[in-house]
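Q: Take a look at the following structure, please.
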Amino acid sequence: YAKGGITYTLKGGKVQNNGKIIYLTFDDGPAAYTDKLLGILDKYGVKATFFVTNCYPKYRYDIRKEYNAGHAVALHTFTHSYATVYKSTSAYWNDFEKMEQIIVQETGRRSTLFRFPGGSSNTVSRRYCSGVMTALTKQAGQKGLSYFDWNVDSDDAGSTRTSSGVYNNIVSGVRYQKQSIVLCHDVKRYTVDAMDSVIRWCLQNGYTFRTLQPGGYTVHQRVAN
Ligand code: ZN
């Protein structure tokens, strides 16, 4: 794992740090496979960022586990329902605050990091409220919140439905970026099952893993509504 920023060791030897950073991000959970994922991340000492929801309230306690393990806990709305959150800006922030309260209850801290359902460039929101993304992205800044899109997509919420597919998408995606914000979903079993191989490949090839930070590296896609 990352040590001193120069070299790190993986069982079997030292690897030269290639200067490239990977921010693994996991959306929509916590859910059934989150606990397994936390075990895999722990095994390699890798820290990730979780954009959490209340879609699977049974697994809510995993938010606390994520936080206590040193991962970044970030918001991804309470309902993750496009029709609910994108009805208006006030509907969005009402829903957002519900999730914020759960995070405070589980971690004792507010989070100022978030990701819009569908990303800031989503056009589905147009169906519910014209211009809502333009207004929300502006208001986020005024509220002191940082939102994050991605520049590497595992496509696990798209047409990729296998661990080998997720692995190939990530490994081929991070090669082209100095800093990669990788979109993944811990609600998908095949994604969690891919992570051991993904992390191993990245460490063996000199990448460093970090968590997203307020005011730190970000990717913003072009707002289209
Ligand atoms: Zn999502």
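Ligands are numbered from 1 in the order shown, chains are lettered A, B, ... in the order of the structure tokens, and residues start at 1 in each chain.
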Tell me which protein, DNA and RNA residues are within 10 Å of region 78-90 of chain A, counting only C-alpha atoms, leaving out same-chain ones fewer than 4 positions away, and put them as a PyMOL selection string.

A: chain A and resi 28+52-57+94-102+116-118+124-136+139

Q: Env of Thr49 (chain A): 10 Å cut, atoms = only C-alpha atoms, seq-sep filter 5 positions within chain, self excluded. Answer as a ChimeraX atom specification.

A: /A:23-27,66-67,70-74,113,181-182,210-213

Q: Which residues are near Gly141 (chain A)? Cut-off 12 Å, only C-alpha atoms, ignore same chain within fewer than 3 positions. Put them as a PyMOL selection string.

A: chain A and resi 112-114+134-138+144-147+214-215

Q: May I have the residues from that selection written out with C-alpha atoms, as an mmCIF file, in the first residue's frame?

A:
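result39.cif, freshly written:
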data_model
loop_
_atom_site.group_PDB
_atom_site.id
_atom_site.type_symbol
_atom_site.label_atom_id
_atom_site.label_comp_id
_atom_site.auth_asym_id
_atom_site.auth_seq_id
_atom_site.Cartn_x
_atom_site.Cartn_y
_atom_site.Cartn_z
ATOM 1 C CA THR A 112 -19.562 18.214 2.598
ATOM 2 C CA LEU A 113 -18.848 15.817 -0.286
ATOM 3 C CA PHE A 114 -21.571 14.602 -2.579
ATOM 4 C CA THR A 134 -27.757 24.384 -13.364
ATOM 5 C CA ALA A 135 -29.377 25.752 -10.198
ATOM 6 C CA LEU A 136 -28.245 22.891 -7.933
ATOM 7 C CA THR A 137 -24.598 22.959 -9.012
ATOM 8 C CA LYS A 138 -24.526 26.694 -8.276
ATOM 9 C CA GLY A 144 -19.908 25.066 0.867
ATOM 10 C CA LEU A 145 -20.475 21.620 -0.604
ATOM 11 C CA SER A 146 -18.233 19.879 -3.158
ATOM 12 C CA TYR A 147 -19.742 17.605 -5.788
ATOM 13 C CA PRO A 214 -13.274 18.877 0.295
ATOM 14 C CA GLY A 215 -11.652 21.315 -2.137
#

Q: Rounded to one decimal in Å, what is the spacing between CA of Tyr207 (chain A) and CA of Tyr167 (chain A)?

A: 15.1 Å

Q: As a ChimeraX atom specification, please: all residues of region 54-224 of chain A that backbone DSSP puts in strand (DSSP E).

A: /A:72-75,113-114,146-147,152-153,179-185,208-209

Q: Quick check for you: according to DSSP on this backbone, which residues of region 133-199 of chain A are classed as alpha helix (DSSP H)? Reply as an mmCIF file with N, CA and C atoms, in the first residue's frame.

A:
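Generated output (selection_30.cif):
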data_model
loop_
_atom_site.group_PDB
_atom_site.id
_atom_site.type_symbol
_atom_site.label_atom_id
_atom_site.label_comp_id
_atom_site.auth_asym_id
_atom_site.auth_seq_id
_atom_site.Cartn_x
_atom_site.Cartn_y
_atom_site.Cartn_z
ATOM 1 N N MET A 133 -30.390 21.208 -12.707
ATOM 2 C CA MET A 133 -28.972 20.895 -12.468
ATOM 3 C C MET A 133 -28.122 22.177 -12.454
ATOM 4 N N THR A 134 -28.464 23.097 -13.320
ATOM 5 C CA THR A 134 -27.757 24.384 -13.364
ATOM 6 C C THR A 134 -27.897 25.090 -12.014
ATOM 7 N N ALA A 135 -29.132 25.094 -11.485
ATOM 8 C CA ALA A 135 -29.377 25.752 -10.198
ATOM 9 C C ALA A 135 -28.696 24.998 -9.055
ATOM 10 N N LEU A 136 -28.798 23.680 -9.044
ATOM 11 C CA LEU A 136 -28.245 22.891 -7.933
ATOM 12 C C LEU A 136 -26.724 22.966 -7.871
ATOM 13 N N THR A 137 -26.062 22.913 -9.023
ATOM 14 C CA THR A 137 -24.598 22.959 -9.012
ATOM 15 C C THR A 137 -24.126 24.313 -8.476
ATOM 16 N N LYS A 138 -24.862 25.365 -8.772
ATOM 17 C CA LYS A 138 -24.526 26.694 -8.276
ATOM 18 C C LYS A 138 -24.771 26.780 -6.758
ATOM 19 N N GLN A 139 -25.906 26.272 -6.334
ATOM 20 C CA GLN A 139 -26.253 26.312 -4.907
ATOM 21 C C GLN A 139 -25.288 25.482 -4.063
ATOM 22 N N ALA A 140 -24.798 24.393 -4.627
ATOM 23 C CA ALA A 140 -23.844 23.546 -3.892
ATOM 24 C C ALA A 140 -22.645 24.369 -3.443
ATOM 25 N N GLY A 141 -22.104 25.157 -4.356
ATOM 26 C CA GLY A 141 -20.965 26.013 -4.035
ATOM 27 C C GLY A 141 -21.309 27.019 -2.946
ATOM 28 N N GLN A 142 -22.493 27.594 -3.062
ATOM 29 C CA GLN A 142 -22.924 28.583 -2.057
ATOM 30 C C GLN A 142 -23.086 27.948 -0.678
ATOM 31 N N SER A 163 -17.653 -9.431 -13.441
ATOM 32 C CA SER A 163 -16.462 -8.957 -12.743
ATOM 33 C C SER A 163 -15.319 -8.708 -13.724
ATOM 34 N N SER A 164 -15.173 -9.569 -14.719
ATOM 35 C CA SER A 164 -14.077 -9.366 -15.676
ATOM 36 C C SER A 164 -14.333 -8.110 -16.502
ATOM 37 N N GLY A 165 -15.580 -7.816 -16.787
ATOM 38 C CA GLY A 165 -15.913 -6.587 -17.514
ATOM 39 C C GLY A 165 -15.581 -5.353 -16.697
ATOM 40 N N VAL A 166 -15.937 -5.378 -15.433
ATOM 41 C CA VAL A 166 -15.649 -4.259 -14.527
ATOM 42 C C VAL A 166 -14.135 -4.067 -14.414
ATOM 43 N N TYR A 167 -13.424 -5.164 -14.244
ATOM 44 C CA TYR A 167 -11.957 -5.132 -14.143
ATOM 45 C C TYR A 167 -11.352 -4.492 -15.404
ATOM 46 N N ASN A 168 -11.771 -4.961 -16.558
ATOM 47 C CA ASN A 168 -11.219 -4.428 -17.816
ATOM 48 C C ASN A 168 -11.526 -2.951 -18.000
ATOM 49 N N ASN A 169 -12.727 -2.531 -17.661
ATOM 50 C CA ASN A 169 -13.094 -1.120 -17.816
ATOM 51 C C ASN A 169 -12.243 -0.225 -16.921
ATOM 52 N N ILE A 170 -12.006 -0.659 -15.702
ATOM 53 C CA ILE A 170 -11.236 0.171 -14.767
ATOM 54 C C ILE A 170 -9.763 0.201 -15.163
ATOM 55 N N VAL A 171 -9.212 -0.978 -15.403
ATOM 56 C CA VAL A 171 -7.781 -1.073 -15.730
ATOM 57 C C VAL A 171 -7.458 -0.328 -17.023
ATOM 58 N N SER A 172 -8.343 -0.394 -17.995
ATOM 59 C CA SER A 172 -8.068 0.338 -19.235
ATOM 60 C C SER A 172 -8.349 1.829 -19.067
ATOM 61 N N GLY A 173 -9.273 2.177 -18.172
ATOM 62 C CA GLY A 173 -9.609 3.592 -17.975
ATOM 63 C C GLY A 173 -8.548 4.388 -17.244
ATOM 64 N N VAL A 174 -7.967 3.805 -16.190
ATOM 65 C CA VAL A 174 -7.030 4.573 -15.357
ATOM 66 C C VAL A 174 -5.701 4.850 -16.065
ATOM 67 N N ARG A 189 -22.909 -7.122 -6.943
ATOM 68 C CA ARG A 189 -22.047 -8.211 -6.489
ATOM 69 C C ARG A 189 -20.821 -8.357 -7.398
ATOM 70 N N TYR A 190 -21.035 -8.264 -8.721
ATOM 71 C CA TYR A 190 -19.904 -8.490 -9.642
ATOM 72 C C TYR A 190 -18.850 -7.391 -9.524
ATOM 73 N N THR A 191 -19.260 -6.218 -9.084
ATOM 74 C CA THR A 191 -18.284 -5.135 -8.874
ATOM 75 C C THR A 191 -17.422 -5.432 -7.655
ATOM 76 N N VAL A 192 -18.080 -5.789 -6.568
ATOM 77 C CA VAL A 192 -17.341 -6.110 -5.344
ATOM 78 C C VAL A 192 -16.416 -7.300 -5.601
ATOM 79 N N ASP A 193 -16.894 -8.277 -6.363
ATOM 80 C CA ASP A 193 -16.074 -9.460 -6.671
ATOM 81 C C ASP A 193 -14.877 -9.126 -7.566
ATOM 82 N N ALA A 194 -14.934 -8.002 -8.271
ATOM 83 C CA ALA A 194 -13.818 -7.603 -9.142
ATOM 84 C C ALA A 194 -12.723 -6.868 -8.380
ATOM 85 N N MET A 195 -13.042 -6.356 -7.187
ATOM 86 C CA MET A 195 -12.167 -5.383 -6.535
ATOM 87 C C MET A 195 -10.816 -5.932 -6.090
ATOM 88 N N ASP A 196 -10.767 -7.173 -5.675
ATOM 89 C CA ASP A 196 -9.482 -7.741 -5.267
ATOM 90 C C ASP A 196 -8.506 -7.685 -6.446
ATOM 91 N N SER A 197 -8.948 -8.113 -7.607
ATOM 92 C CA SER A 197 -8.078 -8.104 -8.807
ATOM 93 C C SER A 197 -7.765 -6.685 -9.258
ATOM 94 N N VAL A 198 -8.747 -5.806 -9.183
ATOM 95 C CA VAL A 198 -8.538 -4.409 -9.598
ATOM 96 C C VAL A 198 -7.456 -3.762 -8.729
ATOM 97 N N ILE A 199 -7.607 -3.903 -7.418
ATOM 98 C CA ILE A 199 -6.656 -3.268 -6.489
ATOM 99 C C ILE A 199 -5.268 -3.873 -6.659
#

Q: Kindly indicate which residue among A:Lys36, A:Asp42, A:Asn122, A:Asp153 lies nearest to Asn225 (chain A), using only C-alpha atoms for the distances.

A: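 Comparing A:Lys36, A:Asp42, A:Asn122, A:Asp153 against Asn225 (chain A), the winner is A:Asn122.
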
Q: Pick out the closest residue to ligand 1 from this set: A:Gly19, A:Cys184, A:Gln204, A:Tyr217. Count only C-alpha atoms and all ligand atoms.

A: A:Cys184

Q: What does the structure give for the distance between CA of Thr160 (chain A) and CA of Ile21 (chain A), in Å to one decimal?

A: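 About the pair CA of Thr160 (chain A) and CA of Ile21 (chain A): they are 23.9 Å apart.
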
Q: In terms of the shortest atom-to-atom distance over only C-alpha atoms, which of A:Gly29, A:Ser120, A:Lys43, A:Thr107 is closest to Lys65 (chain A)?

A: A:Thr107

Q: Which one is closest to Asp156 (chain A): A:Val46, A:Cys202, A:Leu183, A:Ile63? Count only C-alpha atoms.

A: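 Of A:Val46, A:Cys202, A:Leu183, A:Ile63, the one nearest Asp156 (chain A) is A:Leu183, counting only C-alpha atoms.
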